[in-house]
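Pasted below: model_36.cif, mmCIF, C-alpha atoms and all ligand atoms.
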data_upload
#
loop_
_atom_site.label_atom_id
_atom_site.label_comp_id
_atom_site.auth_asym_id
_atom_site.auth_seq_id
_atom_site.Cartn_x
_atom_site.Cartn_y
_atom_site.Cartn_z
CA MET A 1 24.73 2.13 10.85
CA SER A 2 21.54 2.63 12.86
CA THR A 3 19.36 -0.36 13.65
CA ILE A 4 16.70 0.87 11.27
CA ALA A 5 19.23 1.30 8.46
CA THR A 6 20.58 -2.21 9.07
CA GLN A 7 17.11 -3.73 9.11
CA LEU A 8 16.06 -1.77 6.04
CA ASN A 9 19.05 -3.14 4.15
CA ALA A 10 18.20 -6.66 5.29
CA VAL A 11 14.67 -6.23 3.86
CA LEU A 12 16.09 -4.92 0.58
CA ASP A 13 18.31 -8.03 0.49
CA ARG A 14 15.25 -10.26 1.03
CA ILE A 15 13.43 -8.50 -1.80
CA GLU A 16 16.39 -8.87 -4.11
CA ALA A 17 16.87 -12.55 -3.26
CA ALA A 18 13.18 -13.33 -3.78
CA SER A 19 13.09 -11.40 -7.06
CA HIS A 20 16.13 -13.30 -8.27
CA ALA A 21 14.69 -16.66 -7.18
CA ALA A 22 11.44 -15.84 -8.95
CA GLY A 23 13.29 -14.95 -12.14
CA ARG A 24 12.19 -11.35 -12.01
CA ALA A 25 14.12 -8.24 -13.00
CA PRO A 26 16.25 -6.76 -10.17
CA HIS A 27 14.26 -3.57 -9.64
CA SER A 28 10.76 -4.79 -10.42
CA VAL A 29 9.68 -4.83 -6.76
CA GLY A 30 9.45 -1.64 -4.71
CA LEU A 31 9.44 -1.31 -0.92
CA LEU A 32 6.85 0.61 1.05
CA ALA A 33 8.11 1.13 4.62
CA VAL A 34 5.11 0.86 6.96
CA SER A 35 5.78 3.32 9.77
CA LYS A 36 2.44 3.18 11.61
CA THR A 37 2.80 3.61 15.40
CA PHE A 38 6.43 4.77 15.00
CA GLY A 39 7.34 8.41 15.42
CA PRO A 40 8.81 10.90 12.97
CA GLU A 41 12.36 10.18 14.14
CA ALA A 42 12.06 6.56 12.96
CA VAL A 43 10.81 7.76 9.57
CA ARG A 44 13.71 10.20 9.36
CA GLU A 45 16.20 7.43 10.08
CA ALA A 46 14.80 5.26 7.32
CA PHE A 47 14.75 8.24 4.97
CA GLU A 48 18.40 8.96 5.71
CA ALA A 49 19.13 5.33 4.87
CA GLY A 50 17.59 5.90 1.44
CA GLN A 51 13.91 4.93 1.85
CA ARG A 52 11.47 7.31 0.16
CA ALA A 53 7.99 5.68 0.26
CA PHE A 54 6.18 5.25 3.60
CA GLY A 55 2.85 3.61 4.42
CA GLU A 56 0.51 4.67 7.21
CA ASN A 57 -2.73 3.14 8.51
CA TYR A 58 -4.08 5.73 10.91
CA ILE A 59 -4.86 8.92 9.09
CA GLN A 60 -4.61 11.51 11.84
CA GLU A 61 -1.41 9.94 13.14
CA ALA A 62 0.02 10.11 9.62
CA VAL A 63 -0.93 13.75 9.09
CA ASP A 64 0.74 14.70 12.37
CA LYS A 65 3.88 12.81 11.32
CA MET A 66 3.96 14.57 7.95
CA ALA A 67 3.75 17.94 9.72
CA ALA A 68 6.79 16.97 11.80
CA LEU A 69 8.81 16.10 8.67
CA PRO A 70 8.21 19.01 6.29
CA ASP A 71 11.78 18.92 4.96
CA LEU A 72 11.68 15.32 3.68
CA ALA A 73 10.54 14.53 0.12
CA ILE A 74 8.52 11.46 1.05
CA SER A 75 5.89 9.64 -0.95
CA TRP A 76 3.12 8.97 1.60
CA HIS A 77 0.78 6.00 1.07
CA CYS A 78 -2.47 5.49 2.98
CA ILE A 79 -2.93 1.75 3.55
CA GLY A 80 -5.56 1.70 6.31
CA PRO A 81 -9.36 1.70 6.35
CA ILE A 82 -10.90 5.03 5.30
CA GLN A 83 -14.14 6.31 6.81
CA SER A 84 -16.08 8.95 4.86
CA ASN A 85 -15.19 11.63 7.40
CA LYS A 86 -11.47 11.05 6.76
CA THR A 87 -11.42 11.27 2.96
CA LYS A 88 -10.62 14.99 2.96
CA LEU A 89 -7.47 14.46 5.03
CA VAL A 90 -6.39 11.64 2.74
CA ALA A 91 -7.08 13.67 -0.41
CA GLU A 92 -5.16 16.66 0.90
CA HIS A 93 -2.12 14.94 2.40
CA PHE A 94 -1.30 11.64 0.75
CA ASP A 95 0.29 10.77 -2.60
CA TRP A 96 -1.16 7.27 -2.80
CA VAL A 97 -4.03 5.31 -1.29
CA HIS A 98 -4.14 1.48 -1.39
CA SER A 99 -7.24 0.79 0.64
CA VAL A 100 -10.23 1.88 -1.43
CA ASP A 101 -12.98 -0.71 -1.76
CA ARG A 102 -16.11 1.40 -2.36
CA LEU A 103 -17.04 3.85 -5.11
CA LYS A 104 -18.39 6.36 -2.61
CA ILE A 105 -14.97 6.73 -0.99
CA ALA A 106 -13.26 7.07 -4.37
CA GLN A 107 -15.76 9.75 -5.42
CA ARG A 108 -15.11 11.75 -2.28
CA LEU A 109 -11.34 11.45 -2.72
CA SER A 110 -11.64 12.69 -6.31
CA GLU A 111 -13.87 15.62 -5.31
CA GLN A 112 -11.63 16.59 -2.42
CA ARG A 113 -8.25 16.24 -4.15
CA PRO A 114 -6.84 19.78 -4.31
CA ALA A 115 -6.32 21.16 -7.81
CA HIS A 116 -2.69 22.09 -7.16
CA LEU A 117 -1.69 18.50 -6.40
CA PRO A 118 -1.17 15.72 -8.96
CA PRO A 119 -3.94 13.10 -9.15
CA LEU A 120 -4.11 10.81 -6.12
CA GLN A 121 -2.57 7.45 -7.07
CA LEU A 122 -4.96 4.68 -6.14
CA CYS A 123 -5.11 0.93 -5.66
CA LEU A 124 -8.30 -0.99 -5.02
CA GLN A 125 -8.18 -3.32 -2.03
CA VAL A 126 -9.40 -6.78 -2.97
CA ASN A 127 -10.70 -9.40 -0.56
CA VAL A 128 -8.93 -12.40 -2.10
CA ASP A 129 -9.60 -14.89 0.66
CA GLY A 130 -13.23 -14.20 1.19
CA GLY A 131 -13.57 -13.36 4.88
CA ALA A 132 -17.10 -11.95 5.19
CA ASN A 133 -16.12 -9.17 7.58
CA LYS A 134 -12.94 -8.24 5.78
CA SER A 135 -12.24 -5.03 3.94
CA GLY A 136 -11.80 -5.23 0.21
CA VAL A 137 -14.00 -5.50 -2.84
CA ALA A 138 -15.08 -9.04 -3.81
CA PRO A 139 -13.07 -10.20 -6.84
CA GLN A 140 -16.21 -10.59 -8.95
CA GLU A 141 -17.11 -6.95 -8.29
CA ALA A 142 -13.64 -5.55 -8.94
CA LEU A 143 -14.01 -4.93 -12.68
CA ALA A 144 -17.11 -2.76 -12.29
CA LEU A 145 -15.53 -0.81 -9.45
CA ALA A 146 -12.27 -0.38 -11.37
CA ARG A 147 -14.10 0.96 -14.42
CA ALA A 148 -16.04 3.46 -12.33
CA VAL A 149 -12.96 4.62 -10.42
CA ALA A 150 -10.94 4.97 -13.63
CA GLU A 151 -13.49 7.60 -14.78
CA LEU A 152 -12.95 9.88 -11.78
CA PRO A 153 -10.97 12.98 -12.74
CA ARG A 154 -8.65 13.57 -9.79
CA LEU A 155 -7.54 9.98 -9.26
CA GLN A 156 -5.24 7.70 -11.17
CA LEU A 157 -6.08 4.03 -10.83
CA ARG A 158 -2.76 2.17 -10.55
CA GLY A 159 -3.54 -1.33 -9.34
CA LEU A 160 -4.69 -3.71 -6.64
CA MET A 161 -3.83 -4.31 -3.01
CA ALA A 162 -4.43 -7.45 -0.96
CA ILE A 163 -3.96 -8.44 2.69
CA PRO A 164 -4.69 -12.17 2.88
CA GLU A 165 -4.75 -14.00 6.19
CA PRO A 166 -1.39 -15.62 7.03
CA ALA A 167 -1.11 -18.93 5.17
CA THR A 168 0.36 -22.14 6.53
CA ASP A 169 3.26 -22.37 4.09
CA PHE A 170 4.91 -20.79 1.08
CA VAL A 171 2.92 -22.67 -1.54
CA ALA A 172 -0.42 -21.87 0.08
CA ALA A 173 0.54 -18.21 0.46
CA LYS A 174 1.65 -17.92 -3.15
CA HIS A 175 -1.56 -19.57 -4.29
CA ILE A 176 -3.68 -16.95 -2.50
CA PHE A 177 -1.58 -14.06 -3.81
CA MET A 178 -1.98 -15.49 -7.33
CA ARG A 179 -5.72 -14.83 -7.07
CA CYS A 180 -4.90 -11.15 -6.90
CA THR A 181 -2.38 -11.45 -9.75
CA ASP A 182 -4.91 -13.27 -11.91
CA LEU A 183 -7.47 -10.54 -11.24
CA PHE A 184 -4.87 -7.87 -12.05
CA ASN A 185 -4.15 -9.57 -15.38
CA ALA A 186 -7.86 -9.94 -16.12
CA LEU A 187 -8.47 -6.24 -15.49
CA ASN A 188 -5.58 -5.31 -17.76
CA ALA A 189 -6.99 -7.61 -20.43
CA GLN A 190 -10.19 -5.55 -20.13
CA GLY A 191 -8.24 -2.40 -20.96
CA LEU A 192 -7.45 -1.02 -17.52
CA ASN A 193 -3.90 0.16 -17.43
CA LEU A 194 -2.69 -1.20 -14.10
CA ASP A 195 0.98 -1.39 -13.10
CA THR A 196 0.91 -1.86 -9.32
CA LEU A 197 0.29 -5.03 -7.34
CA SER A 198 0.62 -4.15 -3.65
CA MET A 199 0.95 -7.36 -1.65
CA GLY A 200 3.32 -9.03 0.80
CA MET A 201 4.35 -7.95 4.31
CA THR A 202 7.11 -8.93 6.75
CA ALA A 203 5.94 -12.53 7.08
CA ASP A 204 5.04 -13.24 3.47
CA LEU A 205 6.91 -10.95 1.10
CA GLU A 206 8.69 -13.87 -0.60
CA PRO A 207 5.56 -15.73 -1.78
CA ALA A 208 4.03 -12.36 -2.78
CA ILE A 209 7.06 -11.58 -4.95
CA HIS A 210 6.89 -15.04 -6.50
CA ALA A 211 3.24 -14.33 -7.31
CA GLY A 212 4.06 -11.02 -9.01
CA ALA A 213 3.94 -8.28 -6.36
CA THR A 214 5.40 -4.98 -7.57
CA LEU A 215 5.25 -3.29 -4.15
CA VAL A 216 5.67 -4.99 -0.77
CA ARG A 217 4.53 -3.24 2.42
CA VAL A 218 6.90 -3.96 5.29
CA GLY A 219 6.74 -2.63 8.84
CA THR A 220 7.99 -5.00 11.55
CA ALA A 221 11.14 -6.15 9.74
CA ILE A 222 12.27 -2.51 9.37
CA PHE A 223 11.05 -0.74 12.50
CA GLY A 224 10.61 -3.61 14.97
CA GLY A 225 7.53 -4.90 16.78
CA ARG A 226 4.53 -2.69 17.39
CA PRO A 227 2.51 -2.39 20.59
CA ALA A 228 -0.99 -3.87 20.33
CA LYS A 229 -3.22 -1.75 18.13
CA THR A 230 -5.11 1.12 19.69
CA ALA A 231 -7.95 3.02 18.10
CA GLY A 232 -6.94 5.35 15.36
C1 LIG B 1 0.77 -3.04 9.28
C2 LIG B 1 0.57 -3.31 7.84
C3 LIG B 1 1.63 -3.77 7.03
C4 LIG B 1 2.99 -4.12 7.57
O1 LIG B 1 2.91 -5.30 8.32
P1 LIG B 1 4.24 -6.00 8.93
O2 LIG B 1 3.79 -7.37 9.23
O3 LIG B 1 4.60 -5.20 10.14
O4 LIG B 1 5.29 -5.94 7.87
C5 LIG B 1 1.39 -3.91 5.68
N1 LIG B 1 0.19 -3.63 5.14
C6 LIG B 1 -0.85 -3.20 5.87
C7 LIG B 1 -2.15 -2.90 5.21
C8 LIG B 1 -0.69 -3.04 7.25
O5 LIG B 1 -1.75 -2.64 7.98
#
Written form, structure tokens:
Amino acid sequence: MSTIATQLNAVLDRIEAASHAAGRAPHSVGLLAVSKTFGPEAVREAFEAGQRAFGENYIQEAVDKMAALPDLAISWHCIGPIQSNKTKLVAEHFDWVHSVDRLKIAQRLSEQRPAHLPPLQLCLQVNVDGGANKSGVAPQEALALARAVAELPRLQLRGLMAIPEPATDFVAAKHIFMRCTDLFNALNAQGLNLDTLSMGMTADLEPAIHAGATLVRVGTAIFGGRPAKTAG
């Protein structure tokens, strides 16, 4: 087995163990393989090992990677910050987007989603730990944004995404993820039909699963360490 296949299986084992420990159904947590900074050959290896959903942060890098892998039936998820001038690329190339925190971006994505594609599947990014400079809608503004986004014709609002700062221990991490879960439940109680809670990464997928994550986004544990971030 390739290294990527071995590491992918180890992550699937972690997800299964955490789901079991949390008393959750075996297949209630999906895996998004975060392939940012890795080339198309790494994506192909993970695909051949059975992985179908991939997450990318840098939009142009992702579009180039997609063009290099036209034969693979991949579900591509945009998980990075989206500037207005990049919405068209996202609308035309991705299946999902997790990182929407402003109505203006959602409106552009809806307008630019090509008619021949299914609606763009969308999660709102929520700033659950309150950093002033962080991306994500404030929890108290999430209901209004969710209602407005749910009205847009070419999008399907599926859930929430959170990227909290690393916590000191399991209990603290779970506690922060629960803020997102509580908001998710509150929005559903208001009639929004959400089924996706995107939270948990390499370092904290276990507490996220205990808090109710339905999709964990894992890069390092599958593909290895990344070089320091460059502009993208
Ligand atoms: C890079 C990234 C991940 C994956 O992080 P790892 O620690 O490598 O698992 C998940 N989500 C987002 C939004 C990211 O930017």
Hey, what's within 9 Å of Met178 (chain A) if we count only C-alpha atoms and toss same-chain stuff fewer than 6 positions away? As a list in words, please?
Ala208, His210, Ala211 and Gly212 of chain A
Distance query Ser2 (chain A) at most 10 Å, all atoms listed in the file, self and fewer than 4 positions along chain excluded, as a VMD selection string
chain A and resid 6 to 8 45 to 46 49
Requested write-out: C-alpha atoms of the selected residues, as a PDB file, keeping the file's coordinate frame:
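Output saved as part.pdb:
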ATOM      1  CA  THR A   6      20.580  -2.210   9.070  1.00  0.00           C
ATOM      2  CA  GLN A   7      17.110  -3.730   9.110  1.00  0.00           C
ATOM      3  CA  LEU A   8      16.060  -1.770   6.040  1.00  0.00           C
ATOM      4  CA  GLU A  45      16.200   7.430  10.080  1.00  0.00           C
ATOM      5  CA  ALA A  46      14.800   5.260   7.320  1.00  0.00           C
ATOM      6  CA  ALA A  49      19.130   5.330   4.870  1.00  0.00           C
TER       7      ALA A  49
END
Chain A near ligand LIG 1 (chain B) within 9 Å: what's each residue's closest atom pair and its distance in Å to one decimal, counting all atoms listed in the file, ordered by chain then ascending residue number, as CSV?
residue,atom,partner,partner_atom,distance
A:Leu32,CA,B:LIG1,C5,8.5
A:Ala33,CA,B:LIG1,C4,7.9
A:Val34,CA,B:LIG1,C4,5.4
A:Ser35,CA,B:LIG1,C1,8.1
A:Lys36,CA,B:LIG1,C1,6.8
A:Gly55,CA,B:LIG1,N1,7.7
A:Glu56,CA,B:LIG1,O5,7.7
A:Asn57,CA,B:LIG1,O5,5.9
A:Cys78,CA,B:LIG1,C7,8.7
A:Ile79,CA,B:LIG1,C7,5.0
A:Gly80,CA,B:LIG1,C7,5.8
A:Pro81,CA,B:LIG1,C7,8.6
A:His98,CA,B:LIG1,C7,8.2
A:Ser99,CA,B:LIG1,C7,7.8
A:Met161,CA,B:LIG1,C7,8.5
A:Ala162,CA,B:LIG1,C7,8.0
A:Ile163,CA,B:LIG1,C7,6.3
A:Ser198,CA,B:LIG1,N1,8.8
A:Met199,CA,B:LIG1,N1,7.8
A:Gly200,CA,B:LIG1,C5,7.3
A:Met201,CA,B:LIG1,O4,4.2
A:Thr202,CA,B:LIG1,O4,3.7
A:Ala203,CA,B:LIG1,O2,6.0
A:Asp204,CA,B:LIG1,O2,8.3
A:Leu205,CA,B:LIG1,O4,8.6
A:Val216,CA,B:LIG1,C5,7.8
A:Arg217,CA,B:LIG1,C5,4.6
A:Val218,CA,B:LIG1,O4,3.6
A:Gly219,CA,B:LIG1,O3,3.6
A:Thr220,CA,B:LIG1,O3,3.7
A:Ala221,CA,B:LIG1,O4,6.1
A:Ile222,CA,B:LIG1,O4,7.9
A:Phe223,CA,B:LIG1,O3,8.2
A:Gly224,CA,B:LIG1,O3,7.9
A:Gly225,CA,B:LIG1,O3,7.3
A:Arg226,CA,B:LIG1,O3,7.7
Using only C-alpha atoms for the distances, tell me which of A:Val100, A:Val171, A:Ala213, A:Leu152 is nearest to Val137 (chain A).
A:Val100
Given the point (-9.8, 3.1, -10.3) in the coordinates of this file, which residues lie within 6 Å, counting all atoms listed in the file, and how would they look as a compact mmCIF listing (two decimals) with C-alpha atoms, keeping the file's coordinate frame?
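Dumped everything to result.txt:
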# COMPACT_ATOMS: atom_id res chain seq x y z
CA ALA A 146 -12.27 -0.38 -11.37
CA VAL A 149 -12.96 4.62 -10.42
CA ALA A 150 -10.94 4.97 -13.63
CA LEU A 157 -6.08 4.03 -10.83
One decimal, in Å: what's the spacing between CA of Leu12 (chain A) and CA of Thr214 (chain A)?
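So the answer is 13.4 Å.
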Report, in Å to a single decimal, how far apart CA of Gln190 (chain A) and CA of Ser135 (chain A) are.
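Going from CA of Ser135 (chain A) over to CA of Gln190 (chain A) covers 24.2 Å.
Among the candidates A:Thr196, A:Gln125, A:Gln112, A:Asn188, the one nearest to Arg147 (chain A) when counting only C-alpha atoms is A:Asn188.
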Selection near Asp95 (chain A), 7 Å with all atoms listed in the file, sequence-local residues under 2 positions removed, as number ranges by chain:
A: 75-77, 93, 120-121
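Distances to Leu143 (chain A) were evaluated for A:Ile82, A:Leu187, A:Ala91, A:Leu197 using all atoms listed in the file, and the minimum falls at A:Leu187.
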Could you state the separation of CA of Pro114 (chain A) and CA of Gly136 (chain A) in Å, given to one decimal place?
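Between CA of Pro114 (chain A) and CA of Gly136 (chain A) the gap is 25.9 Å.
The nearest approach to Pro207 (chain A) among the residues A:Asp169, A:Asp182, A:Asp195, A:Glu48, with all atoms listed in the file taken into account, belongs to A:Asp169.
The shortest atom-to-atom distance to Leu194 (chain A), with all atoms listed in the file taken into account, belongs to A:Gly159 out of A:Pro227, A:Gly131, A:Pro166, A:Gly159.
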Among listed residues A:Ile15, A:Leu215, A:Ile176, A:Leu155, nearest Leu122 (chain A) (using only C-alpha atoms)
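Ranked by minimum distance to Leu122 (chain A), first place goes to A:Leu155.
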Taking 2 positions as the minimum chain separation for residues in the same chain, which residues sit within 12 Å of Lys65 (chain A) when counting all atoms listed in the file? Answer as JSON, numbers by chain.
{"A": [35, 36, 37, 38, 39, 40, 41, 42, 43, 44, 54, 55, 56, 58, 59, 60, 61, 62, 63, 67, 68, 69, 70, 71, 72, 74, 76, 93, 94]}
